[in-house]
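Dumped query.tsv below, it's TSV, C-alpha atoms:
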```
chain	number	residue	atom	x	y	z
A	1	MET	CA	104.92	140.90	61.15
A	2	GLY	CA	103.73	137.76	59.39
A	3	ASN	CA	106.85	135.82	60.42
A	4	LYS	CA	106.45	137.00	64.02
A	5	ASN	CA	102.83	135.81	64.16
A	6	ARG	CA	103.77	132.53	62.51
A	7	ASN	CA	106.54	131.89	65.02
A	8	GLN	CA	104.34	132.79	68.00
A	9	SER	CA	101.60	130.47	66.76
A	10	ARG	CA	104.06	127.62	66.13
A	11	ASN	CA	105.63	128.07	69.57
A	12	MET	CA	102.22	127.89	71.26
A	13	TYR	CA	101.34	124.67	69.43
A	14	LEU	CA	104.66	123.14	70.49
A	15	LEU	CA	104.29	124.37	74.07
A	16	MET	CA	100.84	122.76	74.27
A	17	LEU	CA	102.53	119.35	73.90
A	18	LEU	CA	103.65	119.71	77.53
A	19	VAL	CA	100.03	119.71	78.74
A	20	PRO	CA	99.22	116.04	77.98
A	21	LEU	CA	102.73	115.11	79.13
A	22	PHE	CA	102.17	116.62	82.57
A	23	TRP	CA	98.47	115.79	82.87
A	24	GLY	CA	99.04	112.20	81.81
A	25	GLY	CA	101.65	111.93	84.54
A	26	ALA	CA	99.33	113.57	87.05
A	27	PHE	CA	96.60	111.06	86.22
A	28	ALA	CA	98.97	108.17	86.92
A	29	THR	CA	100.26	109.62	90.20
A	30	ALA	CA	96.77	110.61	91.42
A	31	LYS	CA	95.65	106.98	91.16
A	32	HIS	CA	98.13	106.11	93.92
A	33	VAL	CA	97.58	109.19	96.08
A	34	ILE	CA	93.84	108.57	96.41
A	35	THR	CA	94.57	105.13	97.87
A	36	GLU	CA	95.94	106.93	100.94
A	37	VAL	CA	93.62	109.95	101.24
A	38	PRO	CA	90.06	110.60	99.99
A	39	PRO	CA	89.81	112.00	96.43
A	40	LEU	CA	88.41	115.41	97.38
A	41	VAL	CA	91.05	115.87	100.09
A	42	ALA	CA	93.77	115.03	97.55
A	43	ALA	CA	92.30	117.52	95.05
A	44	THR	CA	92.08	120.22	97.75
A	45	LEU	CA	95.74	119.69	98.68
A	46	ARG	CA	96.78	119.83	95.04
A	47	PHE	CA	95.04	123.10	94.17
A	48	GLY	CA	95.34	124.65	97.62
A	49	ILE	CA	99.14	124.27	97.68
A	50	THR	CA	99.29	125.54	94.09
A	51	GLY	CA	97.20	128.58	95.02
A	52	ILE	CA	99.45	129.43	97.98
A	53	ILE	CA	102.55	129.20	95.75
A	54	LEU	CA	100.95	131.47	93.14
A	55	VAL	CA	99.86	134.01	95.77
A	56	THR	CA	103.43	134.13	97.11
A	57	PHE	CA	104.83	134.58	93.59
A	58	ILE	CA	102.58	137.42	92.43
A	59	THR	CA	102.91	139.15	95.83
A	60	ILE	CA	106.70	139.14	95.52
A	61	GLN	CA	106.42	140.29	91.89
A	62	LYS	CA	103.82	142.92	92.91
A	63	GLU	CA	101.47	141.75	90.18
A	64	TRP	CA	98.19	142.10	92.08
A	65	GLN	CA	95.89	144.10	89.81
A	66	TRP	CA	92.92	144.84	92.05
A	67	GLN	CA	91.07	146.87	89.45
A	68	VAL	CA	91.16	143.93	87.06
A	69	ILE	CA	89.97	141.59	89.83
A	70	ARG	CA	87.10	143.93	90.76
A	71	ASN	CA	86.01	144.17	87.13
A	72	ARG	CA	86.41	140.49	86.22
A	73	TRP	CA	85.90	138.59	89.49
A	74	LYS	CA	82.62	137.00	88.42
A	75	GLY	CA	84.18	135.39	85.33
A	76	LEU	CA	87.25	134.23	87.25
A	77	LEU	CA	85.09	132.76	90.00
A	78	PHE	CA	82.92	130.98	87.45
A	79	ILE	CA	85.94	129.47	85.67
A	80	GLY	CA	87.40	128.39	89.02
A	81	PHE	CA	84.10	126.78	89.97
A	82	ILE	CA	83.64	124.96	86.65
A	83	GLY	CA	87.22	124.22	85.60
A	84	ILE	CA	88.83	123.47	88.97
A	85	PHE	CA	86.12	122.47	91.43
A	86	GLY	CA	83.44	121.06	89.11
A	87	TYR	CA	85.72	119.03	86.87
A	88	ASN	CA	88.00	117.64	89.59
A	89	ALA	CA	85.29	116.96	92.19
A	90	LEU	CA	83.21	114.98	89.67
A	91	PHE	CA	86.27	113.28	88.13
A	92	PHE	CA	87.83	112.02	91.36
A	93	THR	CA	84.50	111.07	92.92
A	94	ALA	CA	83.55	109.14	89.78
A	95	LEU	CA	86.65	106.97	90.15
A	96	LYS	CA	85.12	105.49	93.32
A	97	TYR	CA	82.18	104.11	91.37
A	98	THR	CA	83.46	103.16	87.94
A	99	SER	CA	86.58	102.02	86.13
A	100	ALA	CA	89.33	104.26	84.82
A	101	THR	CA	88.65	102.78	81.38
A	102	ASN	CA	85.06	104.00	81.36
A	103	GLY	CA	86.20	107.39	82.58
A	104	ALA	CA	88.94	107.72	80.00
A	105	LEU	CA	86.51	106.86	77.19
A	106	ILE	CA	84.03	109.49	78.34
A	107	ILE	CA	86.61	112.24	78.94
A	108	ALA	CA	88.20	111.42	75.55
A	109	ALA	CA	85.04	112.80	73.92
A	110	MET	CA	85.82	116.29	75.24
A	111	PRO	CA	87.56	117.56	72.07
A	112	VAL	CA	84.56	116.43	69.98
A	113	PHE	CA	82.01	118.29	72.09
A	114	THR	CA	84.30	121.31	72.41
A	115	MET	CA	84.74	121.57	68.65
A	116	LEU	CA	81.00	121.10	68.05
A	117	GLY	CA	80.23	123.68	70.74
A	118	ALA	CA	82.61	126.20	69.18
A	119	PHE	CA	80.96	125.60	65.79
A	120	ILE	CA	77.39	125.93	67.15
A	121	LEU	CA	78.24	129.11	69.10
A	122	GLY	CA	79.92	130.59	66.03
A	123	LYS	CA	83.30	130.81	67.72
A	124	GLU	CA	85.02	128.85	64.95
A	125	LYS	CA	84.23	127.77	61.40
A	126	TRP	CA	83.84	124.10	60.57
A	127	ASN	CA	86.78	122.60	58.68
A	128	ASN	CA	86.60	119.14	57.07
A	129	LYS	CA	90.30	118.42	57.66
A	130	SER	CA	89.94	119.34	61.32
A	131	GLY	CA	86.97	116.98	61.55
A	132	ILE	CA	88.96	114.17	59.93
A	133	GLY	CA	91.90	114.75	62.28
A	134	LEU	CA	89.57	114.79	65.28
A	135	ALA	CA	87.82	111.56	64.23
A	136	LEU	CA	91.16	109.83	63.58
A	137	SER	CA	92.55	110.82	66.97
A	138	MET	CA	89.34	109.74	68.72
A	139	ILE	CA	89.53	106.27	67.16
A	140	GLY	CA	93.17	106.09	68.19
A	141	VAL	CA	92.30	107.03	71.79
A	142	ILE	CA	89.68	104.27	71.97
A	143	ILE	CA	92.16	101.72	70.60
A	144	VAL	CA	94.77	102.73	73.20
A	145	ILE	CA	92.30	102.58	76.10
A	146	VAL	CA	90.66	99.22	75.24
A	147	LYS	CA	94.00	97.79	74.04
A	148	GLY	CA	92.51	96.97	70.64
A	149	SER	CA	89.87	94.66	72.08
A	150	PHE	CA	86.59	96.09	70.79
A	151	SER	CA	84.71	93.22	72.40
A	152	ASP	CA	85.78	94.73	75.74
A	153	LEU	CA	84.42	98.08	74.56
A	154	PHE	CA	80.95	96.65	73.91
A	155	ALA	CA	81.07	94.67	77.16
A	156	LEU	CA	81.49	97.78	79.30
A	157	SER	CA	78.70	98.50	81.79
A	158	PHE	CA	77.75	101.98	82.95
A	159	ASN	CA	76.73	103.25	86.39
A	160	LEU	CA	76.62	106.31	88.67
A	161	GLY	CA	80.34	106.88	88.20
A	162	ASP	CA	79.86	107.19	84.45
A	163	ILE	CA	77.16	109.82	84.95
A	164	LEU	CA	79.58	111.76	87.15
A	165	PHE	CA	82.24	111.48	84.43
A	166	VAL	CA	79.74	112.92	81.93
A	167	GLY	CA	79.29	115.82	84.36
A	168	ALA	CA	83.07	116.27	84.46
A	169	LEU	CA	83.11	116.16	80.66
A	170	LEU	CA	80.51	118.95	80.45
A	171	CYS	CA	82.48	121.05	82.95
A	172	GLY	CA	85.59	120.61	80.81
A	173	VAL	CA	83.75	121.63	77.65
A	174	VAL	CA	82.26	124.74	79.26
A	175	TYR	CA	85.70	125.60	80.69
A	176	ALA	CA	87.32	125.34	77.26
A	177	LEU	CA	84.59	127.30	75.45
A	178	MET	CA	84.01	130.06	78.02
A	179	GLY	CA	87.59	130.38	79.22
A	180	GLU	CA	88.75	131.97	75.97
A	181	SER	CA	86.56	135.05	76.43
A	182	MET	CA	86.56	135.19	80.24
A	183	LEU	CA	90.34	135.00	80.58
A	184	LYS	CA	91.20	137.27	77.65
A	185	GLY	CA	93.13	140.37	78.70
A	186	ILE	CA	93.84	139.10	82.22
A	187	PRO	CA	97.50	138.32	83.10
A	188	VAL	CA	97.98	134.55	83.04
A	189	MET	CA	99.52	134.29	86.52
A	190	LEU	CA	96.81	136.47	88.07
A	191	SER	CA	93.95	134.54	86.45
A	192	ASN	CA	95.45	131.20	87.46
A	193	THR	CA	95.93	132.38	91.05
A	194	ILE	CA	92.28	133.40	91.42
A	195	MET	CA	91.12	130.20	89.72
A	196	MET	CA	93.23	127.93	91.93
A	197	LEU	CA	92.25	129.67	95.16
A	198	SER	CA	88.53	129.73	94.36
A	199	GLY	CA	88.57	126.14	93.11
A	200	ALA	CA	90.50	124.95	96.18
A	201	THR	CA	88.05	126.79	98.46
A	202	PHE	CA	85.06	125.05	96.85
A	203	LEU	CA	86.89	121.71	97.08
A	204	ALA	CA	87.73	122.30	100.76
A	205	ILE	CA	84.08	123.00	101.51
A	206	SER	CA	83.09	119.75	99.78
A	207	THR	CA	85.47	117.75	102.02
A	208	VAL	CA	83.30	118.63	105.02
A	209	PHE	CA	80.90	115.96	103.79
A	210	GLU	CA	83.62	113.45	102.83
A	211	GLY	CA	86.06	113.90	105.71
A	212	GLY	CA	89.47	112.20	105.72
A	213	TRP	CA	91.80	115.06	106.66
A	214	ASP	CA	93.16	112.98	109.55
A	215	GLN	CA	94.65	110.61	106.95
A	216	VAL	CA	96.89	113.33	105.49
A	217	VAL	CA	99.45	113.02	108.30
A	218	ASN	CA	99.89	109.34	107.43
A	219	MET	CA	100.63	109.91	103.75
A	220	SER	CA	103.76	108.10	102.57
A	221	VAL	CA	106.86	109.77	101.16
A	222	GLN	CA	105.92	108.40	97.74
A	223	SER	CA	102.52	110.08	97.90
A	224	TRP	CA	104.04	113.42	98.88
A	225	ILE	CA	106.50	113.17	95.98
A	226	GLU	CA	103.57	112.41	93.68
A	227	MET	CA	101.65	115.35	95.15
A	228	PHE	CA	104.67	117.58	94.51
A	229	TYR	CA	104.65	116.44	90.87
A	230	MET	CA	100.92	117.14	90.54
A	231	VAL	CA	101.33	120.60	92.05
A	232	VAL	CA	104.38	121.71	90.04
A	233	CYS	CA	103.97	119.92	86.71
A	234	GLY	CA	100.32	118.96	86.54
A	235	THR	CA	98.93	122.22	87.92
A	236	LEU	CA	101.39	125.13	88.08
A	237	ILE	CA	102.84	124.49	84.63
A	238	GLY	CA	100.06	122.44	83.02
A	239	TYR	CA	97.14	124.77	83.76
A	240	VAL	CA	99.13	127.93	82.94
A	241	ILE	CA	100.03	126.55	79.51
A	242	PHE	CA	96.53	125.20	78.85
A	243	ASN	CA	94.86	128.51	79.80
A	244	LYS	CA	97.29	130.38	77.57
A	245	GLY	CA	96.53	127.89	74.80
A	246	VAL	CA	92.77	128.39	75.21
A	247	GLU	CA	93.27	132.16	75.01
A	248	SER	CA	95.64	132.02	72.02
A	249	LEU	CA	94.37	129.06	69.98
A	250	GLY	CA	90.75	128.72	71.05
A	251	GLY	CA	89.04	126.06	73.13
A	252	SER	CA	88.56	123.46	70.40
A	253	LYS	CA	92.19	123.51	69.24
A	254	ALA	CA	93.55	123.46	72.80
A	255	SER	CA	91.27	120.57	73.82
A	256	LEU	CA	92.57	118.44	70.94
A	257	TYR	CA	95.80	117.98	72.88
A	258	LEU	CA	93.85	116.17	75.61
A	259	ASN	CA	93.66	113.18	73.26
A	260	LEU	CA	97.39	112.73	73.85
A	261	THR	CA	96.88	112.28	77.60
A	262	PRO	CA	95.97	108.53	77.46
A	263	ILE	CA	99.12	107.92	75.42
A	264	VAL	CA	101.30	109.54	78.08
A	265	ALA	CA	99.47	107.70	80.88
A	266	THR	CA	99.94	104.37	79.08
A	267	LEU	CA	103.65	104.96	78.42
A	268	LEU	CA	104.25	106.04	82.02
A	269	ALA	CA	102.48	102.92	83.26
A	270	VAL	CA	104.86	100.85	81.12
A	271	ILE	CA	107.97	102.72	82.27
A	272	ALA	CA	107.16	103.27	85.94
A	273	TYR	CA	104.93	100.33	86.83
A	274	GLY	CA	106.02	97.62	84.39
A	275	SER	CA	102.71	97.45	82.51
A	276	SER	CA	102.66	95.84	79.09
A	277	ILE	CA	101.83	97.50	75.79
A	278	THR	CA	100.51	95.81	72.64
A	279	SER	CA	101.29	96.47	69.00
A	280	ILE	CA	97.69	97.54	68.37
A	281	GLN	CA	98.03	100.16	71.13
A	282	ILE	CA	101.11	101.52	69.37
A	283	VAL	CA	99.04	101.77	66.18
A	284	GLY	CA	96.38	103.65	68.14
A	285	MET	CA	98.99	106.06	69.49
A	286	VAL	CA	100.23	106.79	65.97
A	287	MET	CA	96.65	107.46	64.87
A	288	VAL	CA	96.19	109.94	67.72
A	289	LEU	CA	99.41	111.76	66.85
A	290	VAL	CA	98.55	111.93	63.15
A	291	GLY	CA	94.99	113.08	63.90
A	292	VAL	CA	96.11	115.87	66.24
A	293	TYR	CA	98.74	116.95	63.70
A	294	ILE	CA	96.20	117.13	60.86
A	295	ALA	CA	93.70	119.12	62.94
A	296	THR	CA	96.17	121.56	64.50
A	297	ASN	CA	98.33	121.98	61.41
A	298	ILE	CA	95.46	123.13	59.21
A	299	ASN	CA	94.16	125.38	61.97
A	300	GLN	CA	97.61	126.85	62.46
A	301	ARG	CA	97.87	127.74	58.76
A	302	ASN	CA	94.41	129.30	58.72
A	303	SER	CA	95.15	131.29	61.87
A	304	VAL	CA	98.42	132.68	60.52
A	305	GLN	CA	96.84	133.52	57.16
A	306	SER	CA	94.03	135.44	58.84
A	307	GLN	CA	96.54	137.33	60.98
A	308	ILE	CA	98.58	138.27	57.87
A	309	LYS	CA	95.45	139.49	56.07
A	310	ALA	CA	94.47	141.54	59.10
```
Would you write the structure of this file as structure tokens?
Amino acid sequence: MGNKNRNQSRNMYLLMLLVPLFWGGAFATAKHVITEVPPLVAATLRFGITGIILVTFITIQKEWQWQVIRNRWKGLLFIGFIGIFGYNALFFTALKYTSATNGALIIAAMPVFTMLGAFILGKEKWNNKSGIGLALSMIGVIIVIVKGSFSDLFALSFNLGDILFVGALLCGVVYALMGESMLKGIPVMLSNTIMMLSGATFLAISTVFEGGWDQVVNMSVQSWIEMFYMVVCGTLIGYVIFNKGVESLGGSKASLYLNLTPIVATLLAVIAYGSSITSIQIVGMVMVLVGVYIATNINQRNSVQSQIKA
């Protein structure tokens, strides 16, 4: 029994590595897509198409559990509103007013606030090694984003876009903390389907004020390929794994993997768009990896030990 729990826990930690891989790629591709269509329209397409695919899948598999939906619809709707609509609407709109650097720095604080929130709410016990790993990965994220130039960090200015990014940050924290309890016991595919559909509906309503649907027909082949990537990898696979990670590992542990997203985005920019990378950024990446390993490794041991004792 102990070996089975240990293997399941280890597999989940390894599977979570795909989340920053896919979300980092989605961040890079979204930057190009929103040059052709408005941000909220792009987000609606992404989650709307994903929702339709999921509806088709669970209909074919006959996995609609209407009793579960009737009993848990409020929680699912809330998570869809906060995690899909709230986060993405604020995130993409913020990019119109501020730099990606400012946004990345603000969103990078999500694991910190998630871990503190879990500690304050009594969801998890404070662990010094987890704190050290979190701090180390945070410093590494900042180094990667500002390319080692701390003078650039202090020279950053903040505006409306940064306030919107803070709103997105809070939505992400609430999603990570509340998702664990609200999604527990609900089949992963069913919960993701309801979340995507509700989130896409809220996003579609918001586009009434922004407009821009007439620009969709003029999207380039490259943008549609990038949209396909965001739908399949960034949403279908990425969100399913992350939600399972939140349920299995807890919000604070799952959110730690988000610190790996800037690394993936930076590497993809180098590979796909010919961007340069400095030696200090590589040092920052190593710090992030080591920090995430320290935090998740100690949590993994504690989790397995508690399961064995139980």
Worksheet item: Taking into account all atoms listed in the file, which residue in the set A:Ile225, A:Ala204, A:Leu95, A:Met182 is nearest to A:Asn243?
Response: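 Among A:Ile225, A:Ala204, A:Leu95, A:Met182, it is A:Met182 that comes nearest to A:Asn243.
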Item to complete: Could you tell me how far atom CA of A:Val270 lies from atom CA of A:Leu18, in Å and to one decimal?
Response: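 Taking atom CA of A:Val270 and atom CA of A:Leu18, their separation equals 19.2 Å.
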Fill in: Separation of atom CA of A:Ser255 from atom CA of A:Trp64, in Å and rounded to one decimal
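That distance, rounded to one decimal, is 29.1 Å.
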Worksheet entry | All residues 10 Å or closer to A:Gly212, only C-alpha atoms, same chain fewer than 3 positions away omitted, as a list of chain:residue names |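 Neighbouring residues, sequence-local ones excluded: A:Glu36, A:Val37, A:Pro38, A:Pro39, A:Leu40, A:Val41, A:Ala42, A:Thr207, A:Val208, A:Phe209, A:Gln215, A:Val216.
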Worksheet entry | Among listed residues A:Val174, A:Met227, A:Ile142, A:Leu54, nearest A:Asn192 (using only C-alpha atoms) |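 The answer is A:Leu54, which sits nearest to A:Asn192.
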Within 8 Å of (91.1, 130.4, 90.9) (coordinates as in the file), grab all the protein and nucleic acid residues, counting all atoms listed in the file, and write them out as a PDB file with C-alpha atoms, in the coordinates of the input.
```
ATOM      1  CA  GLY A  51      97.200 128.580  95.020  1.00  0.00           C
ATOM      2  CA  LEU A  76      87.250 134.230  87.250  1.00  0.00           C
ATOM      3  CA  LEU A  77      85.090 132.760  90.000  1.00  0.00           C
ATOM      4  CA  ILE A  79      85.940 129.470  85.670  1.00  0.00           C
ATOM      5  CA  GLY A  80      87.400 128.390  89.020  1.00  0.00           C
ATOM      6  CA  PHE A  81      84.100 126.780  89.970  1.00  0.00           C
ATOM      7  CA  ILE A  84      88.830 123.470  88.970  1.00  0.00           C
ATOM      8  CA  SER A 191      93.950 134.540  86.450  1.00  0.00           C
ATOM      9  CA  ASN A 192      95.450 131.200  87.460  1.00  0.00           C
ATOM     10  CA  THR A 193      95.930 132.380  91.050  1.00  0.00           C
ATOM     11  CA  ILE A 194      92.280 133.400  91.420  1.00  0.00           C
ATOM     12  CA  MET A 195      91.120 130.200  89.720  1.00  0.00           C
ATOM     13  CA  MET A 196      93.230 127.930  91.930  1.00  0.00           C
ATOM     14  CA  LEU A 197      92.250 129.670  95.160  1.00  0.00           C
ATOM     15  CA  SER A 198      88.530 129.730  94.360  1.00  0.00           C
ATOM     16  CA  GLY A 199      88.570 126.140  93.110  1.00  0.00           C
ATOM     17  CA  ALA A 200      90.500 124.950  96.180  1.00  0.00           C
TER      18      ALA A 200
END
```
Worksheet item: Taking all atoms listed in the file into account, which of A:Trp66, A:Trp23, A:Tyr293, A:Trp224 comes nearest A:Tyr239?
Response: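 Smallest distance to A:Tyr239 is found for A:Trp23.
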Fill in: Length of the atom CA of A:Tyr87 to atom CA of A:Arg72 vector [Å]
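Distance reported for this atom pair: 21.5 Å.
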Worksheet item: Using only C-alpha atoms, which of A:Ile60, A:Leu21, A:Ile139, A:Val112 sits nearest A:Val173?
Response: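 Comparing A:Ile60, A:Leu21, A:Ile139, A:Val112 against A:Val173, the winner is A:Val112.
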Worksheet item: Which of these residues is nearest to A:Ile34, using all atoms listed in the file: A:Val55, A:Ser220, A:Thr278, A:Ile241?
Response: A:Ser220
Need the shell around A:Ile82: protein/DNA/RNA residues with any atom at most 8 Å away, counting only C-alpha atoms. Skip same-chain ones fewer than 6 positions apart. Format as a PDB file with C-alpha atoms, in the coordinates of the input?
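After the write, around.pdb holds the following:
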```
ATOM      1  CA  CYS A 171      82.480 121.050  82.950  1.00  0.00           C
ATOM      2  CA  GLY A 172      85.590 120.610  80.810  1.00  0.00           C
ATOM      3  CA  VAL A 174      82.260 124.740  79.260  1.00  0.00           C
ATOM      4  CA  TYR A 175      85.700 125.600  80.690  1.00  0.00           C
TER       5      TYR A 175
END
```
Worksheet item: Counting all atoms listed in the file, which of A:Leu160, A:Ala168, A:Ala135, A:Ile143 gets nearest to A:Thr266?
Response: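 Result for the nearest residue to A:Thr266: A:Ile143.
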Discussion item. I'd like the neighbourhood of A:Thr114 as a PyMOL selection string, where a residue qualifies if any of its atoms comes within 10 Å (using only C-alpha atoms), though same-chain residues fewer than 5 positions away should be ignored.
Written reply: chain A and resi 109+119-120+169-170+172-177+250-256
